[in-house]
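Peer 1: Have a peek at final15.txt (compact mmCIF, C-alpha atoms).
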```txt
# COMPACT_ATOMS: atom_id res chain seq x y z
CA MET T 14 211.32 67.49 44.25
CA ASN T 15 208.99 68.44 47.08
CA ILE T 16 211.88 69.77 49.15
CA PHE T 17 212.95 71.89 46.17
CA LYS T 18 209.39 73.15 45.78
CA PHE T 19 209.22 73.95 49.47
CA ILE T 20 212.52 75.88 49.43
CA LEU T 21 211.45 77.73 46.28
CA ASN T 22 208.10 78.68 47.81
CA LEU T 23 209.73 79.76 51.04
CA SER T 24 212.21 81.93 49.11
CA LEU T 25 209.34 83.37 47.10
CA THR T 26 207.47 84.30 50.28
CA ILE T 27 210.52 85.82 52.01
CA THR T 28 211.52 87.77 48.90
CA MET T 29 207.99 89.05 48.42
CA LEU T 30 207.86 90.27 52.03
CA LEU T 31 211.27 91.93 51.78
CA LEU T 32 210.17 93.64 48.60
CA MET T 33 207.17 95.19 50.30
CA ASP T 34 209.33 97.97 51.71
CA PRO T 35 212.02 99.21 49.31
CA ARG T 36 213.97 100.73 52.19
CA SER T 37 214.07 97.71 54.40
CA PHE T 38 216.73 95.59 52.80
CA TYR T 39 219.75 97.02 51.01
CA GLY T 40 217.85 99.82 49.38
CA ILE T 41 216.23 100.37 46.05
CA SER T 42 218.85 98.52 44.04
CA PHE T 43 218.09 95.25 45.80
CA HIS T 44 214.38 96.03 45.50
CA GLU T 45 214.55 96.39 41.73
CA TRP T 46 216.79 93.42 41.00
CA ALA T 47 214.97 91.13 43.42
CA GLY T 48 211.70 92.34 41.91
CA LEU T 49 212.84 91.05 38.56
CA ALA T 50 214.18 87.85 40.10
CA ILE T 51 210.85 87.13 41.74
CA ALA T 52 209.32 86.82 38.28
CA ILE T 53 211.72 83.95 37.57
CA PHE T 54 210.82 82.34 40.91
CA PHE T 55 207.16 82.67 40.03
CA ILE T 56 207.60 81.15 36.56
CA LEU T 57 209.56 78.28 38.12
CA HIS T 58 206.84 77.81 40.72
CA LYS T 59 204.23 77.56 37.98
CA ALA T 60 206.44 75.30 35.85
CA LEU T 61 206.76 72.86 38.76
CA ASN T 62 202.96 72.75 39.03
CA TRP T 63 202.46 72.63 35.28
CA CYS T 64 200.61 69.26 35.32
CA TRP T 65 197.97 70.70 37.65
CA ILE T 66 197.62 73.87 35.53
CA LYS T 67 197.22 71.78 32.38
CA LYS T 68 194.70 69.46 34.00
CA VAL T 69 192.53 72.27 35.33
CA THR T 70 192.79 74.33 32.13
CA VAL T 71 191.58 71.40 30.03
CA GLY T 72 188.76 70.44 32.36
CA PHE T 73 187.87 73.80 33.87
CA PHE T 74 184.22 73.74 32.77
CA THR T 75 183.72 69.99 32.81
CA ARG T 76 185.69 67.83 35.24
CA CYS T 77 187.05 70.23 37.84
CA THR T 78 185.77 70.63 41.35
CA GLY T 79 184.69 74.01 42.61
CA ARG T 80 187.76 74.11 44.80
CA SER T 81 190.13 73.58 41.87
CA ARG T 82 188.33 76.30 39.94
CA PHE T 83 188.72 78.67 42.85
CA TYR T 84 192.45 77.87 43.07
CA TYR T 85 192.77 78.44 39.34
CA VAL T 86 191.01 81.82 39.39
CA LEU T 87 193.13 82.87 42.37
CA ASP T 88 196.27 81.84 40.50
CA ILE T 89 195.22 83.88 37.48
CA LEU T 90 194.65 86.89 39.73
CA LEU T 91 198.08 86.34 41.26
CA LEU T 92 199.62 86.18 37.81
CA ALA T 93 197.86 89.39 36.81
CA GLY T 94 198.94 91.07 40.04
CA LEU T 95 202.55 90.04 39.69
CA THR T 96 202.59 91.16 36.04
CA LEU T 97 201.22 94.55 37.08
CA ILE T 98 203.81 94.86 39.86
CA ILE T 99 206.67 94.08 37.50
CA ILE T 100 205.50 96.33 34.68
CA SER T 101 204.76 99.25 36.99
CA GLY T 102 208.05 98.63 38.78
CA MET T 103 209.90 98.81 35.48
CA ALA T 104 208.11 102.06 34.67
CA ILE T 105 209.29 103.72 37.90
CA ALA T 106 212.68 101.98 38.14
CA ARG T 107 215.62 104.14 39.11
CA THR T 108 218.68 101.94 39.26
CA ILE T 109 217.84 99.82 36.22
CA ASP T 110 217.33 101.70 33.00
CA PHE T 111 214.08 100.83 31.30
CA SER T 112 213.79 104.15 29.48
CA TRP T 113 214.06 102.29 26.18
CA ILE T 114 210.57 100.94 26.82
CA ASN T 115 207.76 103.40 26.30
CA PHE T 116 205.35 102.72 29.13
CA GLY T 117 203.21 105.80 28.65
CA GLY T 118 201.20 107.26 31.50
CA SER T 119 202.54 109.41 34.26
CA ARG T 120 204.98 108.41 36.94
CA ILE T 121 202.25 108.98 39.55
CA PHE T 122 199.99 106.52 37.81
CA TRP T 123 202.66 103.81 37.70
CA ARG T 124 203.69 104.42 41.29
CA VAL T 125 200.15 104.16 42.60
CA MET T 126 199.67 101.11 40.41
CA HIS T 127 202.87 99.58 41.83
CA THR T 128 201.88 100.19 45.45
CA SER T 129 198.29 99.07 45.09
CA SER T 130 199.00 95.99 43.02
CA SER T 131 201.74 94.86 45.39
CA LEU T 132 199.47 95.20 48.43
CA ILE T 133 196.60 93.41 46.71
CA THR T 134 198.93 90.69 45.43
CA LEU T 135 200.40 90.17 48.90
CA ALA T 136 196.87 89.63 50.20
CA LEU T 137 196.24 87.16 47.38
CA PHE T 138 199.50 85.41 48.27
CA GLY T 139 198.23 85.09 51.82
CA ILE T 140 194.98 83.53 50.62
CA HIS T 141 196.93 81.23 48.29
CA LEU T 142 199.18 80.08 51.14
CA GLY T 143 196.22 79.62 53.46
CA LEU T 144 194.48 77.39 50.90
CA ASN T 145 197.66 75.33 50.46
CA TRP T 146 198.52 75.21 54.14
CA LYS T 147 198.06 71.45 54.30
CA TRP T 148 200.78 71.06 51.68
CA VAL T 149 203.11 73.14 53.85
CA LEU T 150 202.32 71.02 56.91
CA GLN T 151 202.95 67.87 54.89
CA ARG T 152 206.36 69.15 53.84
CA LEU T 153 207.15 69.89 57.44
CA HIS T 154 205.94 66.38 58.35
CA ILE T 155 203.37 67.82 60.72
CA LYS T 156 200.21 66.44 59.21
CA ASN T 157 199.27 63.78 56.68
CA GLY T 158 196.65 64.18 53.99
CA SER T 159 196.13 65.75 50.60
CA ASN T 160 194.99 69.24 49.75
CA GLY T 161 193.83 68.38 46.28
CA LYS T 162 196.30 70.57 44.41
CA GLU T 163 199.13 68.05 44.32
CA ASN T 164 200.13 66.83 40.91
CA MET X 22 193.30 70.04 74.15
CA VAL X 23 196.29 72.05 75.33
CA LYS X 24 197.64 72.02 71.79
CA LYS X 25 194.33 73.28 70.41
CA ILE X 26 194.10 76.08 72.95
CA SER X 27 197.70 77.16 72.36
CA LEU X 28 197.10 77.13 68.60
CA LEU X 29 193.98 79.22 69.09
CA ILE X 30 195.88 81.73 71.24
CA LEU X 31 198.66 81.87 68.64
CA SER X 32 196.10 82.42 65.86
CA LEU X 33 194.44 85.20 67.84
CA ALA X 34 197.81 86.83 68.45
CA ILE X 35 198.63 86.66 64.74
CA LEU X 36 195.22 88.11 63.90
CA ALA X 37 195.68 90.96 66.37
CA ALA X 38 199.16 91.68 64.99
CA GLY X 39 197.74 91.59 61.47
CA ILE X 40 195.02 94.09 62.32
CA ILE X 41 197.52 96.43 64.00
CA GLY X 42 199.86 96.01 61.02
CA ALA X 43 197.09 96.77 58.54
CA ILE X 44 196.22 99.95 60.45
CA LYS X 45 199.87 100.98 60.80
CA LEU X 46 200.57 100.40 57.13
CA ASN X 47 197.31 101.98 56.03
CA TYR X 48 196.91 98.77 54.06
CA TRP X 49 193.36 99.12 52.84
CA GLN X 50 193.59 102.74 51.75
CA ARG X 51 196.82 102.13 49.87
CA SER X 52 195.42 98.98 48.27
CA VAL X 53 192.42 100.73 46.79
CA SER X 54 194.29 103.89 45.82
CA ILE X 55 194.67 102.58 42.28
CA PHE X 56 190.93 102.88 41.79
CA LYS X 57 191.11 106.56 42.71
CA VAL X 58 194.16 107.47 40.65
CA ASN X 59 192.41 108.70 37.53
CA SER X 60 190.33 111.34 39.20
CA SER X 61 193.24 112.42 41.40
CA GLU X 62 195.58 112.60 38.44
CA GLN X 63 193.27 115.04 36.73
CA GLN X 64 193.26 117.09 39.87
CA PHE X 65 197.02 117.28 40.25
CA GLY X 66 198.20 117.09 36.69
CA ARG X 67 200.83 114.79 35.27
CA GLY X 68 203.80 115.14 37.52
CA ASN X 69 206.65 113.28 35.92
CA ARG X 70 209.48 114.35 38.00
CA GLY X 71 212.52 113.05 39.72
CA PRO X 72 212.89 110.42 42.33
CA GLY X 73 209.99 110.41 44.66
CA MET X 74 208.92 108.05 47.31
CA GLU X 75 207.85 104.51 46.93
CA GLY X 76 204.34 104.07 48.15
CA PHE X 77 202.55 106.39 50.44
CA GLY X 78 203.32 107.05 54.00
CA ARG X 79 201.19 106.02 56.86
CA GLY X 80 198.07 108.07 57.13
CA GLU X 81 199.09 110.55 54.50
CA GLY X 82 196.82 109.19 51.80
CA MET X 83 197.32 109.56 48.10
CA ARG X 84 197.26 113.32 47.91
CA ASP X 85 200.47 113.70 49.85
CA GLY X 86 202.17 111.02 47.86
CA MET X 87 201.17 112.78 44.68
CA ARG X 88 202.23 116.18 45.93
CA ARG X 89 205.77 114.95 46.24
CA GLU X 90 205.72 114.34 42.53
CA LEU X 91 204.90 117.95 41.81
CA PRO X 92 207.49 120.57 40.91
CA ASP X 93 209.06 122.51 43.78
CA SER X 94 207.06 125.65 43.18
CA ILE X 95 203.71 123.93 43.29
CA ARG X 96 204.73 121.75 46.17
CA GLN X 97 205.71 124.75 48.23
CA ARG X 98 202.23 126.08 47.77
CA PHE X 99 200.91 122.91 49.37
CA ALA X 100 203.51 123.13 52.11
CA GLY X 101 201.51 125.73 53.93
CA GLU X 102 198.91 123.21 54.93
CA GLY X 103 199.12 119.99 56.84
CA ARG X 104 201.40 118.96 59.65
CA PRO X 105 204.49 120.99 60.42
CA GLU X 106 206.83 118.01 60.18
CA MET X 107 205.54 117.28 56.69
CA ARG X 108 206.16 120.88 55.72
CA MET X 109 209.89 120.52 56.22
CA GLU X 110 210.08 117.59 53.87
CA ARG X 111 208.03 119.22 51.19
CA GLN X 112 210.02 122.40 51.27
CA ARG X 113 213.19 120.53 50.44
CA PRO X 114 213.83 120.92 46.73
CA ASP X 115 213.71 117.88 44.48
CA SER X 116 217.31 118.44 43.54
CA LEU X 117 218.34 117.55 47.07
CA PHE X 118 216.74 114.19 46.72
CA ARG X 119 218.78 113.57 43.63
CA ARG X 120 222.04 114.86 45.00
CA GLY X 121 224.93 112.65 45.91
CA SER X 122 226.58 109.46 44.88
CA GLY X 123 223.93 107.37 46.47
CA GLN X 124 225.65 106.93 49.82
CA GLU X 125 223.75 109.62 51.58
CA SER X 126 220.27 109.41 52.84
CA PHE X 127 218.00 111.87 54.54
CA ARG X 128 216.26 109.11 56.37
CA GLY X 129 216.49 109.44 60.11
CA GLU X 130 219.32 111.94 59.88
CA GLU X 131 217.44 115.11 60.46
CA GLY X 132 214.09 116.60 61.13
CA PRO X 133 211.22 115.52 63.26
CA GLY X 134 210.30 111.91 63.58
CA ARG X 135 213.94 110.88 63.63
CA GLY X 136 214.38 107.32 64.68
CA THR X 137 210.73 106.44 64.48
CA ARG X 138 209.11 104.34 61.88
CA SER X 139 206.62 107.03 61.03
CA GLY X 140 209.49 109.44 60.74
CA ASN X 141 211.08 107.14 58.26
CA ARG X 142 207.87 106.84 56.34
CA HIS X 143 207.33 110.53 56.03
CA GLY X 144 210.87 111.74 56.06
CA GLY X 145 212.91 108.89 54.66
CA GLU X 146 212.45 109.70 51.09
CA ASP X 147 215.74 108.78 49.54
CA PHE X 148 216.45 105.12 50.04
CA ARG X 149 218.86 104.51 47.22
CA GLY X 150 222.07 104.69 49.08
CA GLY X 151 221.68 103.07 52.46
CA LYS X 152 223.03 99.56 52.75
CA LYS X 153 221.09 99.09 55.92
CA ILE X 154 218.62 96.53 57.04
CA ASN X 155 215.53 97.81 58.75
CA LEU X 156 212.83 95.20 58.87
CA ASP X 157 210.28 97.12 60.96
CA THR X 158 207.84 97.60 58.11
CA VAL X 159 208.49 94.11 56.74
CA VAL X 160 207.49 92.65 60.11
CA TRP X 161 204.15 94.44 59.89
CA PHE X 162 203.68 93.19 56.35
CA LEU X 163 204.48 89.70 57.62
CA ALA X 164 201.85 90.14 60.34
CA VAL X 165 199.20 91.14 57.78
CA PHE X 166 200.24 88.28 55.51
CA ALA X 167 200.19 85.74 58.35
CA SER X 168 196.82 86.96 59.58
CA LEU X 169 195.36 86.45 56.10
CA VAL X 170 196.77 82.92 56.05
CA VAL X 171 195.21 82.24 59.46
CA ILE X 172 191.85 83.67 58.38
CA VAL X 173 191.79 81.48 55.26
CA ILE X 174 192.78 78.36 57.25
CA TYR X 175 189.96 78.92 59.73
CA ILE X 176 187.41 79.79 57.02
CA GLU X 177 188.33 76.56 55.26
CA LYS X 178 187.94 74.63 58.49
CA ALA X 179 184.56 76.25 59.12
CA ILE X 180 183.35 75.42 55.60
CA LYS X 181 184.44 71.79 56.05
CA LEU X 182 182.66 71.61 59.39
CA ILE X 183 179.45 73.05 57.92
CA ARG X 184 179.58 70.60 55.04
CA LYS X 185 180.11 67.68 57.40
CA LYS X 186 177.16 68.73 59.50
CA LYS X 187 174.95 69.02 56.41
CA GLU X 188 175.94 65.56 55.26
```
Would you give me this structure, written as structure tokens?

Peer 2:
Amino acid sequence: MNIFKFILNLSLTITMLLLMDPRSFYGISFHEWAGLAIAIFFILHKALNWCWIKKVTVGFFTRCTGRSRFYYVLDILLLAGLTLIIISGMAIARTIDFSWINFGGSRIFWRVMHTSSSLITLALFGIHLGLNWKWVLQRLHIKNGSNGKEN
Amino acid sequence: MVKKISLLILSLAILAAGIIGAIKLNYWQRSVSIFKVNSSEQQFGRGNRGPGMEGFGRGEGMRDGMRRELPDSIRQRFAGEGRPEMRMERQRPDSLFRRGSGQESFRGEEGPGRGTRSGNRHGGEDFRGGKKINLDTVVWFLAVFASLVVIVIYIEKAIKLIRKKKE
């Protein structure tokens, strides 16, 4: 399971980085489809850590450590960021037709929203990875120990 | 000890690359541009037009990015100001950006800045067609991302060390 998690997280990171520049990798078509696919990756990532989410949600104000709370808040921010990226991406999509959804607002607004939210979310991803670095080292058999977020 | 020093050097290199990347990508300005969008939108109106450019180019700020969204006539009015290489791009009608089956791209094919990353940023506006891989910008994003990871790792270590000392 841990190997699967590791591969999933690695794919998530690589995809996110490739998505940062729409021109870098097979153009806008890849950008839009991979952007939608990353949502599935993210949901899967959260589903695999569901026990931890449930545990912290239930005991957020009572049992949780400050560290767990910080992780949780960061994860919520990441969720919000990713949601914003996907919605704004759908609003400015060119190769996939989302015209049947009425997003409102101007194209400029959604584009700026898309750029800003993706940059902020990438930074949050960096913080998230930094906080879970021990888990990464464990998977690579570099270091032993627990980072406290394991289920 | 050797391992620690080499790790420290590696971390410093990542940090330096991250800082350069952040400057090159105009990371901070583009990140906070969402908080400025409302006032700018009032200034420029609601341009809802054609395929524009994803994100904003390096150093061009939000105004330039928004200008590209404007109709040709208004955009040409703006074309008189700014850098000459930008002028060429702005004077190209929107219809040209839409033209073609998707196999053609203006990026790096003409105009100033050809072959440079900044040229791509400012001039490479249509990226629908090219089945090319150009990871220059992605590498800089990776550098910024990695530097953030390194910063967080060291902050965490510092906090642990402070806590240990207090105890």

Peer 1: If we count only C-alpha atoms, which residues of chain T reach to within 10 Å of chain X? Please list them as JSON, numbers by chain.

Peer 2: {"T": [26, 27, 29, 30, 31, 32, 33, 34, 35, 36, 37, 38, 39, 40, 41, 42, 43, 44, 105, 106, 107, 108, 118, 119, 120, 121, 122, 123, 124, 125, 126, 127, 128, 129, 130, 131, 132, 133, 134, 135, 136, 137, 138, 139, 140, 141, 142, 143, 144, 145, 146, 147]}

Peer 1: Could you tell me which of T:Ser112, T:Leu90, T:Gly117, T:Ser101 comes closest to T:Leu49 if we count only C-alpha atoms?

Peer 2: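 For T:Leu49, the nearest of the given residues is T:Ser101.
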
Peer 1: Could you jot down the atom CA of T:Leu150 to atom CA of T:Ile53 separation for me, Å, one decimal place?

Peer 2: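 Atom CA of T:Ile53 lies 25.1 Å from atom CA of T:Leu150.
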
Peer 1: Could you please determine the separation between atom CA of X:Ile40 and atom CA of X:Lys181 in Å, to one decimal place?

Peer 2: 25.5 Å

Peer 1: Tell me, in Å to one decimal, how far atom CA of T:Ala50 is from atom CA of T:Phe111.

Peer 2: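 These atoms are spaced 15.7 Å apart.
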
Peer 1: Nearest residue to T:Leu61 out of T:Val86, T:Ile16, T:Ala104, T:Leu95, using all atoms listed in the file?

Peer 2: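 Checking each of T:Val86, T:Ile16, T:Ala104, T:Leu95 against T:Leu61, counting all atoms listed in the file, the winner is T:Ile16.
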
Peer 1: Given only C-alpha atoms as the basis, pick out the residue of T:Trp46, T:Phe73, T:Trp65, T:Trp148 nearest to T:Lys18.

Peer 2: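 Of T:Trp46, T:Phe73, T:Trp65, T:Trp148, the one nearest T:Lys18, counting only C-alpha atoms, is T:Trp148.
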
Peer 1: Measuring between only C-alpha atoms, which one of X:Glu188, X:Lys178, X:Met22, X:Ala164 shows the shortest distance to X:Leu36?

Peer 2: X:Ala164
